[in-house]
$ cat structure05.pdb   # PDB, N, CA and C atoms and all ligand atoms
ATOM      1  N   MET A   1      -4.709   8.153   5.338
ATOM      2  CA  MET A   1      -3.258   8.334   5.381
ATOM      3  C   MET A   1      -2.819   8.863   6.731
ATOM      4  N   SER A   2      -3.564   8.573   7.764
ATOM      5  CA  SER A   2      -3.262   9.233   9.027
ATOM      6  C   SER A   2      -2.449   8.371   9.972
ATOM      7  N   HIS A   3      -2.505   7.073   9.799
ATOM      8  CA  HIS A   3      -1.887   6.234  10.814
ATOM      9  C   HIS A   3      -0.465   5.818  10.476
ATOM     10  N   CYS A   4       0.053   6.254   9.332
ATOM     11  CA  CYS A   4       1.420   5.926   8.972
ATOM     12  C   CYS A   4       2.286   7.177   9.039
ATOM     13  N   THR A   5       3.443   7.028   9.618
ATOM     14  CA  THR A   5       4.397   8.113   9.653
ATOM     15  C   THR A   5       5.564   7.760   8.758
ATOM     16  N   ASN A   6       5.726   8.535   7.710
ATOM     17  CA  ASN A   6       6.810   8.310   6.759
ATOM     18  C   ASN A   6       6.909   6.852   6.299
ATOM     19  N   PRO A   7       5.816   6.315   5.768
ATOM     20  CA  PRO A   7       5.893   4.925   5.323
ATOM     21  C   PRO A   7       6.734   4.800   4.055
ATOM     22  N   THR A   8       7.234   3.600   3.838
ATOM     23  CA  THR A   8       7.908   3.283   2.591
ATOM     24  C   THR A   8       6.854   2.856   1.578
ATOM     25  N   VAL A   9       6.821   3.506   0.424
ATOM     26  CA  VAL A   9       5.867   3.144  -0.611
ATOM     27  C   VAL A   9       6.458   2.012  -1.442
ATOM     28  N   LEU A  10       5.752   0.895  -1.453
ATOM     29  CA  LEU A  10       6.234  -0.294  -2.152
ATOM     30  C   LEU A  10       5.661  -0.389  -3.555
ATOM     31  N   GLU A  11       4.392  -0.032  -3.697
ATOM     32  CA  GLU A  11       3.728  -0.113  -4.996
ATOM     33  C   GLU A  11       2.761   1.044  -5.121
ATOM     34  N   ARG A  12       2.520   1.439  -6.360
ATOM     35  CA  ARG A  12       1.546   2.482  -6.631
ATOM     36  C   ARG A  12       0.717   2.017  -7.828
ATOM     37  N   ILE A  13      -0.596   1.946  -7.650
ATOM     38  CA  ILE A  13      -1.480   1.442  -8.689
ATOM     39  C   ILE A  13      -2.509   2.517  -8.994
ATOM     40  N   SER A  14      -2.504   3.000 -10.201
ATOM     41  CA  SER A  14      -3.379   4.100 -10.580
ATOM     42  C   SER A  14      -4.844   3.734 -10.415
ATOM     43  N   ASP A  15      -5.617   4.687  -9.938
ATOM     44  CA  ASP A  15      -7.053   4.511  -9.790
ATOM     45  C   ASP A  15      -7.724   4.291 -11.140
ATOM     46  N   ALA A  16      -7.019   4.548 -12.228
ATOM     47  CA  ALA A  16      -7.562   4.294 -13.558
ATOM     48  C   ALA A  16      -7.798   2.804 -13.795
ATOM     49  N   ASP A  17      -7.082   1.981 -13.055
ATOM     50  CA  ASP A  17      -7.281   0.535 -13.126
ATOM     51  C   ASP A  17      -8.524   0.182 -12.324
ATOM     52  N   PRO A  18      -9.574  -0.352 -12.962
ATOM     53  CA  PRO A  18     -10.819  -0.631 -12.230
ATOM     54  C   PRO A  18     -10.633  -1.648 -11.108
ATOM     55  N   ARG A  19      -9.558  -2.411 -11.154
ATOM     56  CA  ARG A  19      -9.318  -3.384 -10.091
ATOM     57  C   ARG A  19      -8.166  -2.942  -9.180
ATOM     58  N   ALA A  20      -7.869  -1.676  -9.185
ATOM     59  CA  ALA A  20      -6.731  -1.176  -8.410
ATOM     60  C   ALA A  20      -6.880  -1.514  -6.926
ATOM     61  N   ASP A  21      -8.100  -1.392  -6.409
ATOM     62  CA  ASP A  21      -8.327  -1.638  -4.992
ATOM     63  C   ASP A  21      -7.924  -3.064  -4.618
ATOM     64  N   SER A  22      -8.473  -4.046  -5.362
ATOM     65  CA  SER A  22      -8.175  -5.429  -5.011
ATOM     66  C   SER A  22      -6.725  -5.782  -5.316
ATOM     67  N   ARG A  23      -6.170  -5.185  -6.357
ATOM     68  CA  ARG A  23      -4.756  -5.423  -6.642
ATOM     69  C   ARG A  23      -3.878  -4.916  -5.506
ATOM     70  N   ALA A  24      -4.194  -3.756  -4.993
ATOM     71  CA  ALA A  24      -3.404  -3.190  -3.900
ATOM     72  C   ALA A  24      -3.490  -4.075  -2.661
ATOM     73  N   GLU A  25      -4.706  -4.547  -2.352
ATOM     74  CA  GLU A  25      -4.863  -5.407  -1.184
ATOM     75  C   GLU A  25      -4.095  -6.716  -1.374
ATOM     76  N   TRP A  26      -4.158  -7.258  -2.584
ATOM     77  CA  TRP A  26      -3.451  -8.513  -2.856
ATOM     78  C   TRP A  26      -1.941  -8.313  -2.741
ATOM     79  N   LEU A  27      -1.452  -7.235  -3.320
ATOM     80  CA  LEU A  27      -0.019  -6.960  -3.252
ATOM     81  C   LEU A  27       0.439  -6.761  -1.811
ATOM     82  N   ALA A  28      -0.385  -6.085  -1.027
ATOM     83  CA  ALA A  28      -0.029  -5.878   0.382
ATOM     84  C   ALA A  28       0.129  -7.224   1.086
ATOM     85  N   GLY A  29      -0.757  -8.168   0.759
ATOM     86  CA  GLY A  29      -0.654  -9.499   1.346
ATOM     87  C   GLY A  29       0.616 -10.211   0.931
ATOM     88  N   GLU A  30       0.976 -10.049  -0.324
ATOM     89  CA  GLU A  30       2.224 -10.641  -0.807
ATOM     90  C   GLU A  30       3.425 -10.062  -0.061
ATOM     91  N   TYR A  31       3.423  -8.761   0.109
ATOM     92  CA  TYR A  31       4.541  -8.130   0.821
ATOM     93  C   TYR A  31       4.570  -8.555   2.288
ATOM     94  N   ARG A  32       3.379  -8.676   2.889
ATOM     95  CA  ARG A  32       3.325  -9.101   4.298
ATOM     96  C   ARG A  32       3.910 -10.490   4.467
ATOM     97  N   ALA A  33       3.683 -11.342   3.474
ATOM     98  CA  ALA A  33       4.215 -12.705   3.539
ATOM     99  C   ALA A  33       5.719 -12.717   3.296
ATOM    100  N   GLY A  34       6.242 -11.613   2.835
ATOM    101  CA  GLY A  34       7.652 -11.540   2.511
ATOM    102  C   GLY A  34       8.414 -10.672   3.489
ATOM    103  N   ARG A  35       9.037  -9.664   2.945
ATOM    104  CA  ARG A  35       9.990  -8.885   3.750
ATOM    105  C   ARG A  35       9.348  -7.752   4.527
ATOM    106  N   TYR A  36       8.044  -7.506   4.312
ATOM    107  CA  TYR A  36       7.429  -6.317   4.906
ATOM    108  C   TYR A  36       6.186  -6.694   5.699
ATOM    109  N   PRO A  37       6.368  -7.172   6.937
ATOM    110  CA  PRO A  37       5.206  -7.627   7.710
ATOM    111  C   PRO A  37       4.202  -6.531   8.019
ATOM    112  N   THR A  38       4.578  -5.278   7.860
ATOM    113  CA  THR A  38       3.634  -4.191   8.135
ATOM    114  C   THR A  38       2.979  -3.658   6.871
ATOM    115  N   ALA A  39       3.190  -4.307   5.755
ATOM    116  CA  ALA A  39       2.652  -3.795   4.487
ATOM    117  C   ALA A  39       1.130  -3.777   4.507
ATOM    118  N   HIS A  40       0.570  -2.729   3.952
ATOM    119  CA  HIS A  40      -0.875  -2.612   3.825
ATOM    120  C   HIS A  40      -1.187  -1.577   2.754
ATOM    121  N   ALA A  41      -2.446  -1.532   2.355
ATOM    122  CA  ALA A  41      -2.827  -0.665   1.244
ATOM    123  C   ALA A  41      -3.462   0.624   1.750
ATOM    124  N   HIS A  42      -3.250   1.675   1.015
ATOM    125  CA  HIS A  42      -3.881   2.962   1.251
ATOM    126  C   HIS A  42      -4.412   3.496  -0.060
ATOM    127  N   TYR A  43      -5.365   4.418   0.042
ATOM    128  CA  TYR A  43      -5.707   5.232  -1.113
ATOM    129  C   TYR A  43      -5.066   6.595  -0.914
ATOM    130  N   ASP A  44      -4.297   7.006  -1.913
ATOM    131  CA  ASP A  44      -3.595   8.283  -1.838
ATOM    132  C   ASP A  44      -4.367   9.314  -2.637
ATOM    133  N   LEU A  45      -5.076  10.177  -1.925
ATOM    134  CA  LEU A  45      -5.900  11.193  -2.580
ATOM    135  C   LEU A  45      -5.064  12.111  -3.460
ATOM    136  N   ALA A  46      -3.859  12.412  -3.030
ATOM    137  CA  ALA A  46      -3.037  13.386  -3.740
ATOM    138  C   ALA A  46      -2.726  12.931  -5.164
ATOM    139  N   THR A  47      -2.513  11.631  -5.324
ATOM    140  CA  THR A  47      -2.139  11.124  -6.653
ATOM    141  C   THR A  47      -3.240  10.266  -7.270
ATOM    142  N   GLU A  48      -4.391  10.137  -6.577
ATOM    143  CA  GLU A  48      -5.492   9.316  -7.062
ATOM    144  C   GLU A  48      -5.007   7.929  -7.436
ATOM    145  N   ALA A  49      -4.323   7.324  -6.503
ATOM    146  CA  ALA A  49      -3.790   5.984  -6.719
ATOM    147  C   ALA A  49      -3.841   5.205  -5.416
ATOM    148  N   PHE A  50      -3.947   3.894  -5.564
ATOM    149  CA  PHE A  50      -3.783   3.029  -4.399
ATOM    150  C   PHE A  50      -2.302   2.779  -4.217
ATOM    151  N   ILE A  51      -1.863   2.839  -2.982
ATOM    152  CA  ILE A  51      -0.461   2.585  -2.709
ATOM    153  C   ILE A  51      -0.345   1.484  -1.669
ATOM    154  N   VAL A  52       0.693   0.693  -1.823
ATOM    155  CA  VAL A  52       1.037  -0.312  -0.817
ATOM    156  C   VAL A  52       2.229   0.236  -0.050
ATOM    157  N   VAL A  53       2.052   0.352   1.250
ATOM    158  CA  VAL A  53       3.090   0.967   2.076
ATOM    159  C   VAL A  53       3.514   0.010   3.180
ATOM    160  N   ALA A  54       4.717   0.246   3.693
ATOM    161  CA  ALA A  54       5.199  -0.477   4.854
ATOM    162  C   ALA A  54       5.698   0.538   5.856
ATOM    163  N   GLN A  55       5.302   0.313   7.090
ATOM    164  CA  GLN A  55       5.758   1.197   8.158
ATOM    165  C   GLN A  55       7.215   0.903   8.457
ATOM    166  N   GLN A  56       7.991   1.953   8.602
ATOM    167  CA  GLN A  56       9.394   1.769   8.923
ATOM    168  C   GLN A  56       9.553   1.554  10.415
ATOM    169  N   GLY A  57      10.509   0.715  10.759
ATOM    170  CA  GLY A  57      10.900   0.584  12.153
ATOM    171  C   GLY A  57       9.901  -0.182  13.003
ATOM    172  N   GLY A  58       9.298  -1.216  12.459
ATOM    173  CA  GLY A  58       8.491  -2.108  13.266
ATOM    174  C   GLY A  58       7.016  -1.915  13.085
ATOM    175  N   ALA A  59       6.258  -2.896  13.564
ATOM    176  CA  ALA A  59       4.811  -2.914  13.378
ATOM    177  C   ALA A  59       4.139  -2.202  14.536
ATOM    178  N   SER A  60       3.660  -1.015  14.301
ATOM    179  CA  SER A  60       2.957  -0.266  15.331
ATOM    180  C   SER A  60       1.670   0.288  14.767
ATOM    181  N   GLU A  61       1.019  -0.504  13.979
ATOM    182  CA  GLU A  61      -0.193  -0.064  13.308
ATOM    183  C   GLU A  61      -1.305   0.180  14.324
TER     184      GLU A  61
HETATM  185 ZN    ZN A 101      -0.985   2.857   7.037
END
$ encode --input "structure05.pdb" --output "C-alpha cells"
Amino acid sequence: MSHCTNPTVLERISDADPRADSRAEWLAGEYRAGRYPTAHAHYDLATEAFIVVAQQGGASE
C-alpha cells in the first residue's frame, strides 16, 4: 500500500473468498479497460481484503 496516495477504492473483496486474489486482478483489468486506466489490485492488511484501487489525477504508478 505504499505507492498509492489517496487512491479511489473501486472494489473490495474479502480474503474469505479463496479466489479473492484472482478476482481482484481480473476486476482491475476490467476497470483499466474502462474508465480507470490506473486501476490495480492491492491487499489491504487493515481489512484483510483485496481492493481494486485507482490513482487519482493521472497515471504515475
Ligand atoms: Zn497502488
$ residues_around --input "structure05.pdb" --residues "segment 5-16 of chain A" --least-positions-apart "4" --cutoff "7 Å" --atoms "only N, CA and C atoms" --output "JSON, numbers by chain"
{"A": [20, 21, 24, 47, 48, 49, 50, 51, 52, 53, 54, 55, 56]}
$ closest_residue --input "structure05.pdb" --among "A:Ala46, A:Gly29, A:Ala41, A:Arg35" --to "ligand ZN 101 (chain A)" --atoms "all atoms listed in the file"
A:Ala41
$ select_by_dssp --input "structure05.pdb" --residues "chain A" --states "alpha helix (DSSP H)" --output "PyMOL selection string"
chain A and resi 20-33
$ atom_distance --input "structure05.pdb" --atom1 "atom CA of Gly34 of chain A" --atom2 "atom CA of Cys4 of chain A"
19.6 Å
$ atom_distance --input "structure05.pdb" --atom1 "atom CA of Tyr36 of chain A" --atom2 "atom CA of Pro18 of chain A"
25.7 Å
$ atom_distance --input "structure05.pdb" --atom1 "atom C of Asp17 of chain A" --atom2 "atom C of Arg32 of chain A"
23.5 Å
$ select_by_dssp --input "structure05.pdb" --residues "segment 1-55 of chain A" --states "strand (DSSP E)" --output "VMD selection string"
chain A and resid 8 to 14 40 to 44 49 to 54
$ closest_residue --input "structure05.pdb" --among "A:Thr38, A:Ser22, A:Leu45, A:Ala33" --to "ligand ZN 101 (chain A)" --atoms "only N, CA and C atoms and all ligand atoms"
A:Thr38
